[in-house]
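Notes follow the structure.
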Protein chains: 2
Amino acid sequence: MSSSTEPRRVTIHDVARIAGVSRQTVSRALNDKAEIDGSTKQRVLDAAKALGYRPSRFARGLVRQDTTTIGLVIPDLMNPFFTEVASGALEAARARGAHVVVYDTADDPETELATLRVIGSQVDAVVGYFSLPEAELDRYLPGIPVVLVGRDHRTPRFASIRIDGEDGVRDAVAHLVRAGHRRIGMLDHNNRPEPSIRQTWFRRAAAECGVAVHPGWIVGAAQSVDGGGEALSDLLAAHPDVTAVFTFNDVIAIGALREARRFGLRVPGDLAVIGFDGLRLGTLVEPALSSVAIDTRALGALAIEQVGALVTGSAPPEPGEIVVRAVLHLRESA
Amino acid sequence: MSSSTEPRRVTIHDVARIAGVSRQTVSRALNDKAEIDGSTKQRVLDAAKALGYRPSRFARGLVRQDTTTIGLVIPDLMNPFFTEVASGALEAARARGAHVVVYDTADDPETELATLRVIGSQVDAVVGYFSLPEAELDRYLPGIPVVLVGRDHRTPRFASIRIDGEDGVRDAVAHLVRAGHRRIGMLDHNNRPEPSIRQTWFRRAAAECGVAVHPGWIVGAAQSVDGGGEALSDLLAAHPDVTAVFTFNDVIAIGALREARRFGLRVPGDLAVIGFDGLRLGTLVEPALSSVAIDTRALGALAIEQVGALVTGSAPPEPGEIVVRAVLHLRESA
DNA sequence: CTGAAAGCGCTAACAC
DNA sequence: GTGTTAGCGCTTTCAG
């Protein structure tokens, strides 16, 4: 979308000419400065309106460099988790007087790369969820402050916010075990070949609670409601004796809830379900979803704070220095 | 958040000095231009990295004015309707190579005003949901292309996208009547004193179908799930004989669904529910929500297209010229 | 292949 | 009160 097709930009110079004053006076009138005659000011304003003049944000930004624009990169706005994070980020940015350009990478590395390519010249700092290696980020974002959310940084000039759900997951598993569950499955994500860190927490917690986790009890799920349903279906087909599931996130858990209902299983009676994220959405489904909850909006706000700190020249934190902890929220599904 | 506290900006001039070349050569190296010696280029790149140089987006934008930045103003990102619209808008913007700065006005006129005050100098065009009168918009957005979503424009230089749900609502009411319902209530919003246009459509449809609408059958609801629940509770307390409800939107409908369940009512057996918006969310609840559906993502995309047209100098459309129609999606709740 | 000059549109200083 | 002079940092001519 280029503006170059337009006839020619109306500049402050044109307004000055029409109003019969200098450019400086035009500037004064437009910016509500004190030292200007009332009638002159009105004349300038009229001329500006008549010409359809509007100041160039670039020229203005160039001379009084006082606004911060932050690029917020998320994989999928339609995923309620990222919506909540974005919402918190927007609110924090507004409080700081910063502007936020939002980029949705569609959960796709190509799109993420394309975003990286254009973002550098549009914003003062970047915060978000990336899948690309840091070398790539560093390459396309030379010198630009970057805050990685949900993933530790290695590049010294970056910052990151770690999400620590280990205690929360331990509480979740302990809760299930206390309720008598011994065969607890997990619906992990299937985005990447490696198991998620959440799966690691889950296995560790199970071991600590003294319950074994059969390899077949852990199945991969696409990160969607349907994906969660299918994964539960697979799990139950192979291991109908599983009595509880922990899921990679709430979206998957909600799919599992729905699938359980279709199976004729009662939750939590026949099958207990605990998700991860603590989305608002989890309170709307029936039964309400128990979850290892992150304060998502606070996470978004924290991300903005961190990026603001980098912009104003603070030293980047150590990896793992900034942490958001997830805690177990028990509702009805377990 | 000001950058003025920083020591001093590293400019292209500094890089040129360190690399022992002219500024133009630096520019050439940085922008991957052809006419430059390989070793010179490397030297420049090294110097740039060593100094932590990064080009000023303002200076760059000033000289090659070729990127469009659109301001997207929405009342509440946490409301799934606006999330979906925003998502569609982001995707369309990406396709056009435009950048989108998102502003959440928190459904509050003060915040909306504050947003207007800063947005004008940050974006090339504005699109979104506003509650303020056009005179105010025009005042703070002088000369800037504006697209109003869900509300007709009067100011000639503006554009607007009308949402027409009249046929869809008629279909919804006709469906209910066909199913035997004669006492159909409505949960309208209670944001503003006036009844919503959706209520008007509802009354008109009911009249056409030959069913009377008792004034007490229409109650106001806060635009939230809880609000929907409370409103249904009020309605049923006063008029337990109502057998179906149409709601201002899906969020309210989902609250009604939940409340009906608490009341021990079966949906659609004891109470039929039809919402408005057609949110994804409606497919996740139990029973799945029937709704007069808008293609929200297409709406967002259309908004971006319209604003793009204005930016490139197209004549603004007439009020009511651009229309998105809502159609009845029958699922389980009616 | 590289440099010098000119200017993008605006505002902060300083004159008058 | 208003105009003049200098840039803000960058890229685009156009010479060499």
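Labels used: A, B, ... for chains in the order of the structure tokens, numbers from 1 for residues in each chain, and numbers from 1 for ligands as shown.
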
Restrict the distance test to only C-alpha atoms (C1' of nucleotides), flag each residue of chain C within 8 Å of chain A, and return the flagged residues as a VMD selection string. chain C and resid 9 to 11

Report as an NGL selection string the set of chain B residues whose atoms approach chain A to within 8 Å, with distances computed over only C-alpha atoms. :B and (1-6 or 49 or 52-59 or 61-62 or 65-68 or 77-78 or 83-84 or 87 or 90-91 or 96-104 or 121-123 or 142-144 or 254 or 258 or 284-286 or 308 or 311-313)

Sorted per-residue table, chain D near chain A, closest atoms and distance, 12 Å, only C-alpha atoms (C1' of nucleotides), as CSV:
```
residue,atom,partner,partner_atom,distance
D:DG1,C1',A:Ile36,CA,5.6
D:DT2,C1',A:Thr25,CA,6.9
D:DG3,C1',A:Ser22,CA,6.4
D:DT4,C1',A:Ser22,CA,9.3
D:DT5,C1',A:Gln24,CA,11.3
D:DG7,C1',A:Val63,CA,9.0
D:DC8,C1',A:Val63,CA,4.6
D:DG9,C1',A:Leu62,CA,7.6
D:DC10,C1',A:Leu62,CA,10.2
```

Generate the output file for the selected residues, N, CA and C atoms (P, O5', C5', C4', C3', O3' and C1' of nucleotides), as a CSV table (one decimal), in the first residue's frame.
```csv
chain,number,residue,atom,x,y,z
D,1,DG,P,1.9,38.5,21.8
D,1,DG,O5',2.0,38.3,20.2
D,1,DG,C5',1.2,37.8,19.4
D,1,DG,C4',1.6,38.4,18.1
D,1,DG,C3',1.7,37.4,17.0
D,1,DG,O3',1.3,38.0,15.8
D,1,DG,C1',3.9,38.2,17.4
D,2,DT,P,1.0,37.1,14.5
D,2,DT,O5',2.4,36.8,13.9
D,2,DT,C5',3.0,37.9,13.0
D,2,DT,C4',4.4,37.6,12.7
D,2,DT,C3',4.6,36.3,11.9
D,2,DT,O3',4.9,36.7,10.5
D,2,DT,C1',6.3,36.7,13.5
D,3,DG,P,5.1,35.7,9.4
D,3,DG,O5',6.7,35.8,9.2
D,3,DG,C5',7.3,37.0,8.9
D,3,DG,C4',8.8,36.9,9.0
D,3,DG,C3',9.4,35.8,8.1
D,3,DG,O3',10.5,36.3,7.4
D,3,DG,C1',10.1,35.4,10.3
D,4,DT,P,11.2,35.5,6.2
D,4,DT,O5',12.6,35.1,6.9
D,4,DT,C5',13.4,36.1,7.6
D,4,DT,C4',14.6,35.4,8.2
D,4,DT,C3',15.2,34.3,7.4
D,4,DT,O3',16.6,34.6,7.3
D,4,DT,C1',14.8,33.5,9.5
D,5,DT,P,17.6,33.7,6.4
D,5,DT,O5',18.1,32.7,7.5
D,5,DT,C5',18.8,33.2,8.7
D,5,DT,C4',19.2,32.1,9.6
D,5,DT,C3',19.9,30.9,8.9
D,5,DT,O3',21.1,30.6,9.6
D,5,DT,C1',18.1,30.1,10.2
D,7,DG,P,23.3,23.7,12.1
D,7,DG,O5',22.8,22.9,10.8
D,7,DG,C5',22.5,21.5,10.8
D,7,DG,C4',21.5,21.2,11.9
D,7,DG,C3',21.0,19.8,11.9
D,7,DG,O3',21.2,19.2,13.1
D,7,DG,C1',19.1,21.2,11.6
D,8,DC,P,21.6,17.6,13.2
D,8,DC,O5',20.2,16.9,13.4
D,8,DC,C5',19.5,16.9,14.7
D,8,DC,C4',18.2,16.2,14.6
D,8,DC,C3',18.4,14.9,13.8
D,8,DC,O3',18.5,13.8,14.8
D,8,DC,C1',16.5,16.1,13.0
D,9,DG,P,19.8,12.9,14.8
D,9,DG,O5',19.6,11.9,13.6
D,9,DG,C5',18.5,11.1,13.5
D,9,DG,C4',18.4,10.5,12.2
D,9,DG,C3',19.6,9.8,11.6
D,9,DG,O3',19.3,8.5,11.2
D,9,DG,C1',18.7,11.3,10.0
D,10,DC,P,20.2,7.5,10.5
D,10,DC,O5',19.7,7.6,9.0
D,10,DC,C5',18.5,7.1,8.7
D,10,DC,C4',18.0,7.6,7.4
D,10,DC,C3',18.7,7.1,6.1
D,10,DC,O3',17.9,6.0,5.6
D,10,DC,C1',18.2,9.5,6.0
```

Chain B least-squares fitted onto chain A over all paired C-alpha atoms, as a compact mmCIF listing (two decimals) with C-alpha atoms, in the first residue's frame:
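Generated file (result_6.txt):
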```
# COMPACT_ATOMS: atom_id res chain seq x y z
CA MET B 1 -0.01 -0.11 -0.06
CA SER B 2 1.95 2.89 -1.30
CA SER B 3 1.08 6.53 -1.08
CA SER B 4 3.23 7.41 -4.03
CA THR B 5 0.25 7.43 -6.36
CA GLU B 6 -1.15 10.50 -4.71
CA PRO B 7 -0.75 13.82 -6.49
CA ARG B 8 1.62 15.39 -4.00
CA ARG B 9 1.65 15.84 -0.33
CA VAL B 10 0.28 19.02 1.17
CA THR B 11 3.07 20.33 3.34
CA ILE B 12 3.34 22.94 6.00
CA HIS B 13 4.86 25.11 3.34
CA ASP B 14 1.67 25.13 1.29
CA VAL B 15 -0.36 26.10 4.31
CA ALA B 16 2.08 28.89 5.09
CA ARG B 17 1.83 30.23 1.57
CA ILE B 18 -1.97 30.21 1.53
CA ALA B 19 -2.23 31.74 4.98
CA GLY B 20 0.40 34.31 4.11
CA VAL B 21 2.67 33.48 7.01
CA SER B 22 5.89 31.61 7.58
CA ARG B 23 6.12 27.90 8.18
CA GLN B 24 7.03 28.39 11.82
CA THR B 25 3.85 30.30 12.41
CA VAL B 26 1.89 27.44 10.94
CA SER B 27 3.68 25.09 13.25
CA ARG B 28 2.87 27.30 16.19
CA ALA B 29 -0.80 27.47 15.28
CA LEU B 30 -1.09 23.74 14.81
CA ASN B 31 0.66 22.84 18.01
CA ASP B 32 -1.29 25.24 20.19
CA LYS B 33 1.75 27.25 21.16
CA ALA B 34 1.18 30.36 23.20
CA GLU B 35 3.03 33.03 21.28
CA ILE B 36 0.64 33.61 18.45
CA ASP B 37 -2.06 36.08 17.59
CA GLY B 38 -5.59 34.73 17.74
CA SER B 39 -6.63 35.88 14.31
CA THR B 40 -3.41 34.70 12.71
CA LYS B 41 -3.92 31.33 14.26
CA GLN B 42 -7.45 31.09 12.96
CA ARG B 43 -6.33 32.05 9.49
CA VAL B 44 -3.72 29.33 9.53
CA LEU B 45 -6.15 26.75 10.84
CA ASP B 46 -8.62 27.64 8.12
CA ALA B 47 -5.99 27.37 5.44
CA ALA B 48 -4.89 24.03 6.80
CA LYS B 49 -8.41 22.67 6.77
CA ALA B 50 -9.10 24.07 3.32
CA LEU B 51 -6.03 22.36 1.92
CA GLY B 52 -6.69 19.15 3.77
CA TYR B 53 -3.30 19.44 5.34
CA ARG B 54 -2.06 16.86 7.78
CA PRO B 55 1.37 16.80 9.32
CA SER B 56 3.81 14.09 8.41
CA ARG B 57 4.30 11.77 11.34
CA PHE B 58 7.78 11.01 10.09
CA ALA B 59 8.93 14.57 9.91
CA ARG B 60 7.41 15.26 13.27
CA GLY B 61 8.86 12.14 14.82
CA LEU B 62 12.24 12.97 13.40
CA VAL B 63 12.52 16.23 15.19
CA ARG B 64 10.86 15.45 18.47
CA GLN B 65 11.68 11.82 19.05
CA ASP B 66 9.41 11.14 21.93
CA THR B 67 7.06 8.30 21.13
CA THR B 68 7.79 4.66 21.56
CA THR B 69 6.27 2.11 19.26
CA ILE B 70 6.45 -1.52 20.28
CA GLY B 71 6.00 -4.44 17.95
CA LEU B 72 3.99 -7.26 19.51
CA VAL B 73 4.44 -10.56 17.74
CA ILE B 74 2.04 -13.40 18.49
CA PRO B 75 1.38 -16.68 16.74
CA ASP B 76 -2.40 -16.50 16.66
CA LEU B 77 -4.73 -13.83 17.91
CA MET B 78 -7.68 -16.22 17.70
CA ASN B 79 -6.09 -18.36 20.38
CA PRO B 80 -7.57 -16.95 23.59
CA PHE B 81 -4.30 -17.29 25.43
CA PHE B 82 -2.59 -14.84 23.12
CA THR B 83 -5.64 -12.63 23.09
CA GLU B 84 -5.40 -12.26 26.83
CA VAL B 85 -1.68 -11.58 26.71
CA ALA B 86 -2.18 -9.01 23.99
CA SER B 87 -4.95 -7.37 25.93
CA GLY B 88 -2.73 -6.99 28.97
CA ALA B 89 0.08 -5.69 26.81
CA LEU B 90 -2.16 -3.09 25.18
CA GLU B 91 -3.37 -1.82 28.50
CA ALA B 92 0.14 -1.51 29.90
CA ALA B 93 1.30 0.22 26.75
CA ARG B 94 -1.51 2.71 26.94
CA ALA B 95 -0.58 3.50 30.51
CA ARG B 96 2.96 4.21 29.37
CA GLY B 97 1.92 6.19 26.36
CA ALA B 98 3.45 3.65 24.02
CA HIS B 99 1.92 2.44 20.80
CA VAL B 100 1.69 -1.20 19.88
CA VAL B 101 1.84 -2.61 16.39
CA VAL B 102 0.47 -6.13 16.44
CA TYR B 103 1.70 -8.86 14.13
CA ASP B 104 0.04 -12.26 13.87
CA THR B 105 2.46 -14.80 12.47
CA ALA B 106 -0.25 -17.39 11.84
CA ASP B 107 1.86 -19.92 13.70
CA ASP B 108 3.96 -20.22 10.59
CA PRO B 109 7.76 -19.80 10.39
CA GLU B 110 7.57 -18.29 6.92
CA THR B 111 5.16 -15.63 8.09
CA GLU B 112 7.26 -15.06 11.17
CA LEU B 113 10.26 -14.46 8.98
CA ALA B 114 8.33 -12.11 6.75
CA THR B 115 7.24 -10.24 9.85
CA LEU B 116 10.78 -9.96 11.11
CA ARG B 117 11.87 -8.53 7.82
CA VAL B 118 9.49 -5.60 7.99
CA ILE B 119 9.18 -5.04 11.69
CA GLY B 120 12.68 -3.72 12.29
CA SER B 121 12.11 -0.52 10.43
CA GLN B 122 8.71 0.13 11.99
CA VAL B 123 9.16 -0.14 15.71
CA ASP B 124 11.51 0.85 18.50
CA ALA B 125 11.37 -2.48 20.26
CA VAL B 126 9.92 -5.93 19.87
CA VAL B 127 8.22 -8.29 22.26
CA GLY B 128 6.51 -11.59 21.65
CA TYR B 129 6.48 -15.28 20.93
CA PHE B 130 8.99 -16.44 18.37
CA SER B 131 9.81 -19.86 17.03
CA LEU B 132 12.89 -18.82 15.06
CA PRO B 133 16.35 -19.19 16.59
CA GLU B 134 17.91 -16.15 18.19
CA ALA B 135 20.54 -15.83 15.51
CA GLU B 136 17.77 -15.13 13.02
CA LEU B 137 16.06 -12.68 15.33
CA ASP B 138 19.35 -10.89 15.89
CA ARG B 139 19.98 -10.74 12.19
CA TYR B 140 16.69 -9.11 11.29
CA LEU B 141 16.39 -7.01 14.41
CA PRO B 142 19.88 -5.55 14.58
CA GLY B 143 20.33 -3.57 17.74
CA ILE B 144 16.64 -3.48 18.49
CA PRO B 145 15.56 -4.34 22.03
CA VAL B 146 13.81 -7.70 22.07
CA VAL B 147 11.85 -9.43 24.82
CA LEU B 148 11.16 -13.12 24.39
CA VAL B 149 8.06 -14.36 26.13
CA GLY B 150 7.84 -17.93 27.33
CA ARG B 151 11.33 -18.79 26.22
CA ASP B 152 14.74 -18.04 27.69
CA HIS B 153 17.15 -15.79 25.84
CA ARG B 154 20.84 -16.42 25.23
CA THR B 155 21.79 -13.35 23.27
CA PRO B 156 22.94 -10.94 25.96
CA ARG B 157 21.16 -7.90 24.61
CA PHE B 158 17.79 -9.70 24.63
CA ALA B 159 15.52 -10.13 27.60
CA SER B 160 13.04 -12.88 28.33
CA ILE B 161 10.15 -13.79 30.54
CA ARG B 162 10.14 -17.32 31.80
CA ILE B 163 6.92 -19.08 32.61
CA ASP B 164 7.42 -21.38 35.55
CA GLY B 165 4.64 -23.88 36.04
CA GLU B 166 6.61 -26.51 37.87
CA ASP B 167 5.04 -25.91 41.27
CA GLY B 168 1.60 -25.49 39.78
CA VAL B 169 1.83 -28.72 37.84
CA ARG B 170 3.09 -30.50 40.93
CA ASP B 171 0.08 -29.23 42.84
CA ALA B 172 -2.19 -30.37 40.04
CA VAL B 173 -0.80 -33.89 39.95
CA ALA B 174 -0.77 -34.10 43.74
CA HIS B 175 -4.40 -33.07 43.75
CA LEU B 176 -5.29 -35.80 41.30
CA VAL B 177 -3.38 -38.42 43.24
CA ARG B 178 -5.00 -37.33 46.46
CA ALA B 179 -8.36 -37.81 44.76
CA GLY B 180 -7.39 -41.39 44.11
CA HIS B 181 -6.15 -41.21 40.52
CA ARG B 182 -3.29 -43.56 39.63
CA ARG B 183 -3.47 -43.67 35.86
CA ILE B 184 -3.02 -40.08 34.75
CA GLY B 185 -2.50 -39.29 31.09
CA MET B 186 -1.32 -36.16 29.36
CA LEU B 187 -2.34 -34.48 26.13
CA ASP B 188 0.80 -32.65 25.09
CA HIS B 189 1.12 -30.38 22.06
CA ASN B 190 2.37 -31.91 18.85
CA ASN B 191 3.84 -28.79 17.29
CA ARG B 192 7.42 -29.83 17.72
CA PRO B 193 9.23 -33.12 17.94
CA GLU B 194 10.51 -32.56 21.47
CA PRO B 195 8.22 -33.00 24.46
CA SER B 196 7.17 -29.73 26.03
CA ILE B 197 8.64 -28.43 29.23
CA ARG B 198 5.17 -28.87 30.66
CA GLN B 199 5.44 -32.56 29.99
CA THR B 200 8.72 -32.59 31.85
CA TRP B 201 7.08 -30.93 34.82
CA PHE B 202 4.26 -33.43 34.61
CA ARG B 203 6.56 -36.45 34.59
CA ARG B 204 8.61 -35.06 37.42
CA ALA B 205 5.51 -34.36 39.49
CA ALA B 206 4.14 -37.82 38.87
CA ALA B 207 7.43 -39.36 39.93
CA GLU B 208 7.44 -37.28 43.09
CA CYS B 209 3.93 -38.40 43.88
CA GLY B 210 4.91 -41.98 43.32
CA VAL B 211 2.67 -42.71 40.34
CA ALA B 212 4.05 -44.25 37.19
CA VAL B 213 3.36 -42.73 33.80
CA HIS B 214 2.99 -45.27 31.05
CA PRO B 215 4.50 -43.93 27.79
CA GLY B 216 1.29 -44.59 25.94
CA TRP B 217 -0.58 -42.31 28.30
CA ILE B 218 1.04 -39.29 26.75
CA VAL B 219 -0.32 -38.35 23.35
CA GLY B 220 0.20 -35.34 21.13
CA ALA B 221 -2.61 -32.94 20.30
CA ALA B 222 -2.99 -30.18 17.77
CA GLN B 223 -3.33 -26.84 19.54
CA SER B 224 -7.04 -26.46 19.03
CA VAL B 225 -10.28 -27.59 20.60
CA ASP B 226 -10.72 -30.22 17.93
CA GLY B 227 -7.15 -31.34 18.41
CA GLY B 228 -7.80 -31.85 22.09
CA GLY B 229 -10.87 -33.91 21.37
CA GLU B 230 -9.09 -36.14 18.91
CA ALA B 231 -6.17 -36.66 21.22
CA LEU B 232 -8.42 -37.71 24.08
CA SER B 233 -10.23 -40.04 21.75
CA ASP B 234 -6.92 -41.64 20.76
CA LEU B 235 -5.81 -41.92 24.34
CA LEU B 236 -9.02 -43.51 25.55
CA ALA B 237 -9.14 -45.91 22.62
CA ALA B 238 -5.74 -47.28 23.54
CA HIS B 239 -5.96 -46.89 27.30
CA PRO B 240 -9.56 -46.82 28.50
CA ASP B 241 -8.40 -47.27 32.06
CA VAL B 242 -6.90 -43.77 32.31
CA THR B 243 -8.95 -41.81 34.85
CA ALA B 244 -7.43 -38.35 34.61
CA VAL B 245 -5.65 -36.16 32.09
CA PHE B 246 -3.44 -33.14 32.33
CA THR B 247 -3.22 -31.11 29.14
CA PHE B 248 -0.67 -28.85 27.52
CA ASN B 249 -3.13 -25.99 27.62
CA ASP B 250 -6.74 -25.05 28.24
CA VAL B 251 -7.77 -25.04 24.62
CA ILE B 252 -6.79 -28.69 24.35
CA ALA B 253 -8.44 -29.39 27.69
CA ILE B 254 -11.70 -27.90 26.51
CA GLY B 255 -11.59 -30.17 23.49
CA ALA B 256 -11.03 -33.08 25.84
CA LEU B 257 -13.99 -32.01 27.95
CA ARG B 258 -16.21 -31.97 24.92
CA GLU B 259 -14.95 -35.31 23.72
CA ALA B 260 -15.44 -36.88 27.13
CA ARG B 261 -19.03 -35.76 27.05
CA ARG B 262 -19.52 -37.35 23.65
CA PHE B 263 -18.00 -40.55 25.01
CA GLY B 264 -20.60 -40.49 27.72
CA LEU B 265 -17.97 -39.96 30.39
CA ARG B 266 -18.79 -37.75 33.32
CA VAL B 267 -16.26 -35.15 34.33
CA PRO B 268 -14.80 -35.29 36.91
CA GLY B 269 -16.55 -38.48 37.98
CA ASP B 270 -15.31 -40.77 35.21
CA LEU B 271 -12.49 -38.59 33.99
CA ALA B 272 -10.78 -35.70 35.72
CA VAL B 273 -9.29 -32.96 33.55
CA ILE B 274 -6.78 -30.27 34.41
CA GLY B 275 -5.58 -27.78 31.85
CA PHE B 276 -2.84 -25.18 31.73
CA ASP B 277 -3.15 -21.39 31.19
CA GLY B 278 -6.17 -20.53 33.29
CA LEU B 279 -8.11 -18.89 30.49
CA ARG B 280 -11.34 -17.02 31.10
CA LEU B 281 -12.81 -19.41 28.61
CA GLY B 282 -12.37 -22.21 31.11
CA THR B 283 -15.01 -20.69 33.35
CA LEU B 284 -17.60 -20.77 30.59
CA VAL B 285 -17.53 -24.45 29.79
CA GLU B 286 -19.37 -27.13 31.67
CA PRO B 287 -17.96 -28.32 33.97
CA ALA B 288 -15.73 -25.32 34.63
CA LEU B 289 -12.14 -26.20 33.88
CA SER B 290 -9.52 -26.66 36.56
CA SER B 291 -6.22 -25.33 35.35
CA VAL B 292 -2.67 -24.46 36.21
CA ALA B 293 -3.18 -20.77 35.66
CA ILE B 294 -0.98 -18.01 34.41
CA ASP B 295 -2.04 -14.44 34.98
CA THR B 296 -2.06 -13.83 31.26
CA ARG B 297 -2.86 -10.15 31.31
CA ALA B 298 -0.17 -9.51 33.89
CA LEU B 299 2.20 -11.44 31.65
CA GLY B 300 1.40 -9.13 28.77
CA ALA B 301 1.87 -6.11 30.97
CA LEU B 302 5.17 -7.42 32.27
CA ALA B 303 6.38 -7.94 28.74
CA ILE B 304 5.67 -4.31 27.96
CA GLU B 305 7.40 -3.17 31.13
CA GLN B 306 10.46 -5.20 30.27
CA VAL B 307 10.67 -3.86 26.78
CA GLY B 308 10.20 -0.37 28.12
CA ALA B 309 13.13 -0.92 30.46
CA LEU B 310 15.31 -2.05 27.58
CA VAL B 311 14.32 0.94 25.50
CA THR B 312 15.25 3.34 28.25
CA GLY B 313 18.64 1.72 28.47
CA SER B 314 18.35 -0.68 31.38
CA ALA B 315 20.72 -3.59 31.37
CA PRO B 316 18.99 -6.74 30.13
CA PRO B 317 18.11 -9.25 32.86
CA GLU B 318 19.75 -12.64 33.16
CA PRO B 319 17.89 -15.55 31.61
CA GLY B 320 15.42 -16.80 34.18
CA GLU B 321 15.57 -13.58 36.15
CA ILE B 322 12.09 -12.52 35.14
CA VAL B 323 9.59 -15.20 35.99
CA VAL B 324 5.85 -15.60 35.94
CA ARG B 325 4.56 -18.45 38.04
CA ALA B 326 1.55 -20.58 37.22
CA VAL B 327 -0.64 -21.72 40.08
CA LEU B 328 -3.33 -24.36 40.33
CA HIS B 329 -6.89 -23.08 40.07
CA LEU B 330 -9.33 -25.73 41.06
CA ARG B 331 -12.79 -25.46 39.58
CA GLU B 332 -15.09 -28.31 38.65
CA SER B 333 -13.31 -30.57 36.19
CA ALA B 334 -10.96 -32.02 38.80
```

Name the residues of region 59-301 of chain A that come out as helix (DSSP H, G or I) in a backbone DSSP run; write them as a VMD selection string. chain A and resid 59 to 63 80 to 96 109 to 119 134 to 140 166 to 178 197 to 209 215 to 217 225 to 238 250 to 263 280 to 283 296 to 301
